[in-house]
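Asks: The structure that follows is given in the form of structure tokens.
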Amino acid sequence: MVGAATALLLGTAAPAAAHARPLPATVANAEDPSDETAPIEMTLGDGGVVTGDALAVSIDIANTSDADMAASTVSVSVGQALGDARAVEAWLDGSADSQLTRLGTFATNALAPDDTQTLNETVSVGDMPPGAYPVVAQFSGGSSPVEERGVAIVAGDDDASVALVMPITGPVSVQGMYSAGALSTMTGDNGLLRAQLDAVRGTDAILAIDPAIPASIRALGDRAPEEAVAWLDELMSLGNERFALQFGDADVTPQIDAGLEEPLAPTHLGAYLDDSAVGTEESPVTLESLTRIGPGTEPEVFWPAPGSADDGTVSALTADRDAHVLVPASSTSDGSARLGDDALAYDDELSDLLLDAARESDPEARENAVDVARTEIWRAASASDGPLLLALDRMGSDALTTDADGATVVDAELEVSAEGLADAVGAALENPAATGASLKDVLGEAEGSVSLVDTEHDPERTAAVTDYLDISPDLEHISTALDNPDLFLGQVRAEAQRVLAVSWVTNPEAWSVRAENFAALNADRTVAIDLQDPQPVQLLSPEAPMPVWIRNDLPYPATVTIVATPDDPRLSIETRTEVVAQPDSSTRVTIPIEARVGSGDVTVHYRLEAKTGEQIGPLRDMEVSVRADWERIGIGILVVLVVGLFGFGIFRQVRRRRREKAAQQEEHSEDGMKEENA
């Protein structure tokens with residue numbers, strides 16, 4: 001037994017009272033506030049990893065009572081080797097004990113109230129076999145004994161190496177790129193992206209980067225938040241090996257299941273480009289410059305949603321290309337973490353231990369979780385023939401939220417502890433018992449085949465890809481009306497990849513809603529540019545302007561031609577009228593028409609054409625009632641009336657003058673007769 005061996009090597013066993021279940025190292029549990037126990041804290045050097053024959057121990061003693069504390073002693077003891085993670089966890093949380101062997105006893109000073117003392121000591125571990133051992137520091141100088149537990153790893157001569165993949169990814173989003181507000185939160189203090197970057201700085205961690213993140217920052221130009229710009233500069237300056245995930249961290253498995261020979265790629269990001277992000281002639285803004293994740297040539301590595309890929313997925317992704325697929329060991333036929341030519345199986349159980357530790361907000365619980373993870377990683381790495389591959393799962397939120405105005409936005413709250421994430425990475429890579437392995441080391445050890453179990457693929461996620469592929473021709477058709485079709489199609493492609501983000505996998509209900517909304521949005525987009533149904537028109541004059549409305553629900557201007565064709569020659573109309581339909585609005589256009597000889601009902605057929613000559617939207621009919629002869633008849637009647645009235649006036653004037661003349665002549669005749677009679 002290891003316990004017996006250590007007893008012979010290091011001294012006598014500790015008294016039974018010394019390894020009783022520990023009292024919490026806090027005064028909050030004291031029944032009598034005046035009789036508080038002195039807390040103790042033990043820190044093991046190098047995280048408890050022993051590569052030689054000595055273990056450095058730092059012990060802090062504090063007197064938190066109101067009375068003086070007498071001088072005493074603190075002892076450090078070791079127990080029997082712990083066989084697995086459950087035993088390590090049980091020891092640390094105090095639910096299990098061990099037969100102890102005392103390694104050393106050290107004197108403590110008398111302490112006044114609120115005084116502290118730190119002891120920095122070294123204890124010998126002699127010829128202890130490699131393993132994980134329980135260590136305890138016990139102090140009895142207070143009113144009751146207290147102890148602090150830890151775990152020491154005696155590494156021995158085992159050659160172990162560990163490679164850790166850190167995802168640089170954010171939460172789910174409805175937009176193709178992150179907004180300035182979301183980036184500010186994620187790259188600011190306690191933000192997810194800031195925590196990820198801080199955790200890997202100075203380590204050998206392999207970075208798996210979502211290229212949509214640097215693209216989102218660069219596309220904002222001068223509007224990018226200062227903290228986001230600083231974060232991107234730091235990311236680019238890190239020497240860590242890296243590879244690019246799919247844009248938006250889109251899951252590749254449903255894309256392969258939908259029949260694609262290779263995963264979707266972004267086509268154009270100009271829709272998100274701020275005017276200030278113009279680049280220079282020597283360094284223009286391109287898709288490649290926006291999505292660049294760092295210097296050098298990155299190997300092609302795919303990382304599907306954990307547990308979604310099988311042998312068929314791996315074969316499709318690696319066919320005819322030098323590529324590799326990250327898969328969890330739980331998906332392999334034998335459940336082991338192995339490095340094959342195509343599939344790189346990482347130990348997801350140990351990776352989950354690290355991530356669970358990172359999520360712990362309580363410092364003591366997190367410290368215990370980190371110790372458990374460190375111990376088990378060392379144990380697995382020591383037993384592995386090559387580098388032990390670990391990969392932390394995505395940490396971003398799998399849900400959306402709303403802002404003060406009720407709009408759907410990114411849930412950018414941090415779901416892991418920034419300190420915990422740094423501790424978790426340190427447990428894997430800052431371990432003196434194991435060297436950090438690079439991606440080059442991992443790929444150099446990759447050989448043979450790794451068989452995966454058959455998985456039940458998600459038909460809804462596959463259908464989402466199929467729906468997008470099916471509607472893409474209609475989207476391309478409507479885009480021909482736009483001045484710059486690439487802006488629109490690039491935006492839709494980026495949004496489609498966001499719908500497939502790996503983080504959605506853990507929230508299927510919310511994802512279903514998002515996928516349905518995206519499909520409905522695309523259906524609306526295919527009919528977003530159209531002629532509105534015209535109202536019947538009464539044409540009472542030979543010439544008149546004909547009003548036509550063009551609806552454009554897309555956020556981009558469209559240049560279209562209205563083609564009008566009457567079904568009767570009695571109506572003449574402008575056949576082709578080019579119009580710029582403004583974005584997100586209805587544009588009114590007037591087309592001159594002219595009535596020829598005759599009256600009657602005429603149908604005018606309207607349609608929209610793109611610059612390519614393709615018809616946009618359905619054919620529209622406008623009913624026109626031509627009554628242009630009424631105007632001629634009316635004018636004739638009016639002329640007759642005017643002439644009649646004018647003639648009647650003249651007639652009356654002539655008659656009046658004749659009557660006046662006759663009266664004058666009669667008067668003159670009567671005057672002459674009177675003179676003759678006289």
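Letters A, B, ... go to the chains of the structure tokens in the order shown; residues in each chain start at 1; ligands are counted from 1 in the same order.
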Pick out the residues sitting within 12 Å of A:Leu238, and hand them over as a JSON list (two decimals) with C-alpha atoms, in the first residue's frame; count only C-alpha atoms, and ignore anything fewer than 5 positions along from it in its own chain.
Replies:
[["chain", "number", "residue", "atom", "x", "y", "z"],
["A", 197, "LEU", "CA", -8.06, 36.13, -24.81],
["A", 198, "ASP", "CA", -6.75, 36.79, -21.31],
["A", 200, "VAL", "CA", -4.70, 31.97, -23.37],
["A", 201, "ARG", "CA", -2.16, 34.81, -23.27],
["A", 202, "GLY", "CA", 1.29, 33.34, -22.62],
["A", 203, "THR", "CA", 0.14, 29.74, -23.12],
["A", 204, "ASP", "CA", 0.40, 27.19, -25.93],
["A", 205, "ALA", "CA", -3.37, 27.06, -26.41],
["A", 206, "ILE", "CA", -4.56, 26.44, -29.98],
["A", 207, "LEU", "CA", -7.10, 29.07, -31.01],
["A", 231, "TRP", "CA", -8.84, 43.25, -28.38],
["A", 232, "LEU", "CA", -8.33, 42.57, -32.08],
["A", 233, "ASP", "CA", -4.82, 44.03, -31.99],
["A", 293, "ILE", "CA", -7.59, 35.63, -38.21],
["A", 294, "GLY", "CA", -3.84, 36.03, -37.97],
["A", 295, "PRO", "CA", -0.51, 35.71, -39.74]]
Asks: Report the residues of stretch 228-377 of chain A whose backbone DSSP state falls under helix (DSSP H, G or I), written as a VMD selection string.
Replies: chain A and resid 228 to 237 247 to 249 253 to 257 270 to 272 287 to 291 311 to 318 329 to 331 348 to 359 363 to 377
Asks: Skipping near chain neighbours, those fewer than 2 positions away, what residues fall within 6 Å of A:Gly436 using only C-alpha atoms, listed as a list in words?
Replies: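 Within the cut-off, the hits are Ser161, Val162, Ala163, Asp204 and Leu429 of chain A.
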Asks: Can you tell me which residues surround stretch 255-267 of chain A at a distance of at most 9 Å, considering only C-alpha atoms, apart from same-chain residues fewer than 5 positions away, and format the answer as a list in words?
Replies: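 Selected residues are Gln246, Phe247, Ala250, Leu287, Gly312, Thr313, Ala316, Leu317, His457, Pro459, Arg461, Thr462, Ala463, Ala464, Val465, Thr466, Leu469, Asp486, Leu489, Gly490, Gln491, Arg493, Ala494, Gln497 and Leu500 of chain A.
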Asks: Output N, CA and C atoms of each residue in that selection to a file, as a PDB file, in the first residue's frame.
Replies:
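Contents of again.pdb, as written:
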ATOM      1  N   GLN A 246     -15.850  27.910 -39.276  1.00  0.00           N
ATOM      2  CA  GLN A 246     -16.723  28.433 -40.314  1.00  0.00           C
ATOM      3  C   GLN A 246     -17.209  29.822 -39.905  1.00  0.00           C
ATOM      4  N   PHE A 247     -17.523  30.646 -40.879  1.00  0.00           N
ATOM      5  CA  PHE A 247     -18.033  31.990 -40.580  1.00  0.00           C
ATOM      6  C   PHE A 247     -19.285  31.866 -39.719  1.00  0.00           C
ATOM      7  N   ALA A 250     -20.610  28.310 -38.033  1.00  0.00           N
ATOM      8  CA  ALA A 250     -21.689  27.492 -38.592  1.00  0.00           C
ATOM      9  C   ALA A 250     -21.333  26.012 -38.492  1.00  0.00           C
ATOM     10  N   LEU A 287     -12.952  40.618 -48.788  1.00  0.00           N
ATOM     11  CA  LEU A 287     -13.493  39.578 -47.921  1.00  0.00           C
ATOM     12  C   LEU A 287     -12.377  38.916 -47.128  1.00  0.00           C
ATOM     13  N   GLY A 312     -19.257   9.259 -42.128  1.00  0.00           N
ATOM     14  CA  GLY A 312     -19.645   9.876 -43.391  1.00  0.00           C
ATOM     15  C   GLY A 312     -19.354  11.356 -43.416  1.00  0.00           C
ATOM     16  N   THR A 313     -19.604  12.028 -42.296  1.00  0.00           N
ATOM     17  CA  THR A 313     -19.325  13.461 -42.210  1.00  0.00           C
ATOM     18  C   THR A 313     -17.835  13.731 -42.372  1.00  0.00           C
ATOM     19  N   ALA A 316     -16.661  13.170 -45.967  1.00  0.00           N
ATOM     20  CA  ALA A 316     -17.071  14.241 -46.880  1.00  0.00           C
ATOM     21  C   ALA A 316     -16.242  15.501 -46.671  1.00  0.00           C
ATOM     22  N   LEU A 317     -15.900  15.804 -45.432  1.00  0.00           N
ATOM     23  CA  LEU A 317     -15.160  17.025 -45.138  1.00  0.00           C
ATOM     24  C   LEU A 317     -13.686  16.928 -45.508  1.00  0.00           C
ATOM     25  N   HIS A 457     -28.659  12.246 -37.040  1.00  0.00           N
ATOM     26  CA  HIS A 457     -28.526  13.642 -37.426  1.00  0.00           C
ATOM     27  C   HIS A 457     -29.852  14.373 -37.255  1.00  0.00           C
ATOM     28  N   PRO A 459     -32.794  16.284 -38.297  1.00  0.00           N
ATOM     29  CA  PRO A 459     -33.437  16.563 -39.595  1.00  0.00           C
ATOM     30  C   PRO A 459     -33.862  18.022 -39.737  1.00  0.00           C
ATOM     31  N   ARG A 461     -32.270  20.748 -38.608  1.00  0.00           N
ATOM     32  CA  ARG A 461     -31.121  21.572 -38.999  1.00  0.00           C
ATOM     33  C   ARG A 461     -30.724  21.291 -40.456  1.00  0.00           C
ATOM     34  N   THR A 462     -30.832  20.037 -40.857  1.00  0.00           N
ATOM     35  CA  THR A 462     -30.581  19.725 -42.261  1.00  0.00           C
ATOM     36  C   THR A 462     -31.610  20.408 -43.153  1.00  0.00           C
ATOM     37  N   ALA A 463     -32.876  20.390 -42.716  1.00  0.00           N
ATOM     38  CA  ALA A 463     -33.938  21.031 -43.499  1.00  0.00           C
ATOM     39  C   ALA A 463     -33.706  22.529 -43.617  1.00  0.00           C
ATOM     40  N   ALA A 464     -33.140  23.136 -42.579  1.00  0.00           N
ATOM     41  CA  ALA A 464     -32.857  24.573 -42.639  1.00  0.00           C
ATOM     42  C   ALA A 464     -31.866  24.888 -43.749  1.00  0.00           C
ATOM     43  N   VAL A 465     -30.867  24.022 -43.917  1.00  0.00           N
ATOM     44  CA  VAL A 465     -29.901  24.211 -45.003  1.00  0.00           C
ATOM     45  C   VAL A 465     -30.578  23.994 -46.351  1.00  0.00           C
ATOM     46  N   THR A 466     -31.382  22.949 -46.436  1.00  0.00           N
ATOM     47  CA  THR A 466     -32.073  22.649 -47.691  1.00  0.00           C
ATOM     48  C   THR A 466     -33.005  23.787 -48.097  1.00  0.00           C
ATOM     49  N   LEU A 469     -30.948  26.560 -49.527  1.00  0.00           N
ATOM     50  CA  LEU A 469     -30.456  26.227 -50.861  1.00  0.00           C
ATOM     51  C   LEU A 469     -31.589  26.290 -51.889  1.00  0.00           C
ATOM     52  N   ASP A 486     -24.511  41.825 -54.867  1.00  0.00           N
ATOM     53  CA  ASP A 486     -23.615  41.137 -53.938  1.00  0.00           C
ATOM     54  C   ASP A 486     -23.851  41.570 -52.494  1.00  0.00           C
ATOM     55  N   LEU A 489     -27.037  39.500 -51.369  1.00  0.00           N
ATOM     56  CA  LEU A 489     -26.788  38.062 -51.286  1.00  0.00           C
ATOM     57  C   LEU A 489     -25.748  37.740 -50.221  1.00  0.00           C
ATOM     58  N   GLY A 490     -24.746  38.611 -50.056  1.00  0.00           N
ATOM     59  CA  GLY A 490     -23.752  38.405 -49.009  1.00  0.00           C
ATOM     60  C   GLY A 490     -24.358  38.513 -47.627  1.00  0.00           C
ATOM     61  N   GLN A 491     -25.299  39.446 -47.459  1.00  0.00           N
ATOM     62  CA  GLN A 491     -25.975  39.581 -46.167  1.00  0.00           C
ATOM     63  C   GLN A 491     -26.790  38.333 -45.845  1.00  0.00           C
ATOM     64  N   ARG A 493     -26.364  35.300 -46.995  1.00  0.00           N
ATOM     65  CA  ARG A 493     -25.465  34.178 -46.726  1.00  0.00           C
ATOM     66  C   ARG A 493     -24.915  34.249 -45.299  1.00  0.00           C
ATOM     67  N   ALA A 494     -24.510  35.431 -44.867  1.00  0.00           N
ATOM     68  CA  ALA A 494     -23.982  35.572 -43.511  1.00  0.00           C
ATOM     69  C   ALA A 494     -25.047  35.229 -42.474  1.00  0.00           C
ATOM     70  N   GLN A 497     -25.515  31.438 -42.249  1.00  0.00           N
ATOM     71  CA  GLN A 497     -24.479  30.780 -41.463  1.00  0.00           C
ATOM     72  C   GLN A 497     -24.678  31.016 -39.973  1.00  0.00           C
ATOM     73  N   LEU A 500     -26.964  28.553 -38.436  1.00  0.00           N
ATOM     74  CA  LEU A 500     -26.350  27.239 -38.235  1.00  0.00           C
ATOM     75  C   LEU A 500     -25.284  27.237 -37.144  1.00  0.00           C
TER      76      LEU A 500
END
Asks: I'd like the contact shell of A:Ala610 - 9 Å cut-off, only C-alpha atoms, skipping same-chain residues fewer than 6 positions apart - returned as a list of chain:residue names.
Replies: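 Final neighbour list, sorted by chain and number: A:Ile478, A:Ser479, A:Thr480, A:Ala481, A:Leu482, A:Ala558, A:Thr559, A:Val560, A:Thr561, A:Ile616.
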Asks: Generate the output file for the selected residues, N, CA, C and O atoms, as a compact mmCIF listing (two decimals), in the first residue's frame.
Replies:
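Saved file again_36.txt follows:
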# COMPACT_ATOMS: atom_id res chain seq x y z
N ILE A 478 -34.34 38.02 -57.46
CA ILE A 478 -34.79 39.35 -57.00
C ILE A 478 -33.60 40.30 -56.89
O ILE A 478 -33.74 41.52 -57.05
N SER A 479 -32.41 39.74 -56.65
CA SER A 479 -31.23 40.61 -56.50
C SER A 479 -30.81 41.25 -57.80
O SER A 479 -30.08 42.24 -57.81
N THR A 480 -31.26 40.70 -58.95
CA THR A 480 -30.88 41.29 -60.23
C THR A 480 -31.45 42.69 -60.40
O THR A 480 -30.99 43.45 -61.24
N ALA A 481 -32.46 43.03 -59.59
CA ALA A 481 -33.03 44.38 -59.66
C ALA A 481 -32.21 45.39 -58.87
O ALA A 481 -32.41 46.60 -59.02
N LEU A 482 -31.32 44.91 -58.03
CA LEU A 482 -30.57 45.80 -57.16
C LEU A 482 -29.35 46.38 -57.88
O LEU A 482 -28.79 45.74 -58.77
N ALA A 558 -33.03 49.90 -55.90
CA ALA A 558 -33.20 49.01 -57.05
C ALA A 558 -33.44 49.85 -58.30
O ALA A 558 -34.22 50.80 -58.27
N THR A 559 -32.76 49.52 -59.37
CA THR A 559 -32.98 50.18 -60.66
C THR A 559 -33.76 49.22 -61.55
O THR A 559 -33.25 48.15 -61.92
N VAL A 560 -35.00 49.60 -61.88
CA VAL A 560 -35.87 48.74 -62.65
C VAL A 560 -36.49 49.53 -63.80
O VAL A 560 -36.47 50.76 -63.81
N THR A 561 -37.02 48.83 -64.74
CA THR A 561 -37.72 49.45 -65.88
C THR A 561 -39.17 48.99 -65.87
O THR A 561 -39.45 47.79 -65.80
N ILE A 616 -39.32 41.06 -62.86
CA ILE A 616 -39.36 41.10 -61.40
C ILE A 616 -40.81 41.21 -60.97
O ILE A 616 -41.51 42.17 -61.30
Asks: Need the shell around A:Asp621: protein/DNA/RNA residues with any atom at most 12 Å away, counting only C-alpha atoms. Skip same-chain ones fewer than 3 positions apart. Format as a compact mmCIF listing (two decimals) with C-alpha atoms, in the first residue's frame?
Replies:
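Contents of the output file selection-v6.txt:
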# COMPACT_ATOMS: atom_id res chain seq x y z
CA LEU A 531 -45.55 46.86 -58.73
CA GLN A 532 -48.47 47.61 -56.49
CA ASP A 533 -51.89 46.68 -57.79
CA PRO A 534 -53.13 49.72 -59.79
CA GLN A 535 -56.59 51.20 -59.40
CA PRO A 536 -58.97 51.61 -62.39
CA VAL A 537 -58.57 54.95 -64.21
CA VAL A 548 -47.69 53.80 -60.81
CA VAL A 563 -42.71 48.07 -69.25
CA ALA A 564 -46.27 49.11 -70.15
CA THR A 565 -48.27 47.57 -73.00
CA PRO A 566 -51.91 48.53 -73.77
CA ASP A 567 -54.12 45.89 -75.35
CA VAL A 602 -58.44 49.48 -72.39
CA THR A 603 -56.26 47.16 -70.28
CA VAL A 604 -52.65 48.26 -69.74
CA HIS A 605 -50.26 45.40 -68.86
CA TYR A 606 -47.42 46.46 -66.55
CA ARG A 607 -44.32 44.56 -65.56
CA PRO A 618 -45.90 39.33 -61.48
CA VAL A 624 -58.44 52.40 -68.22
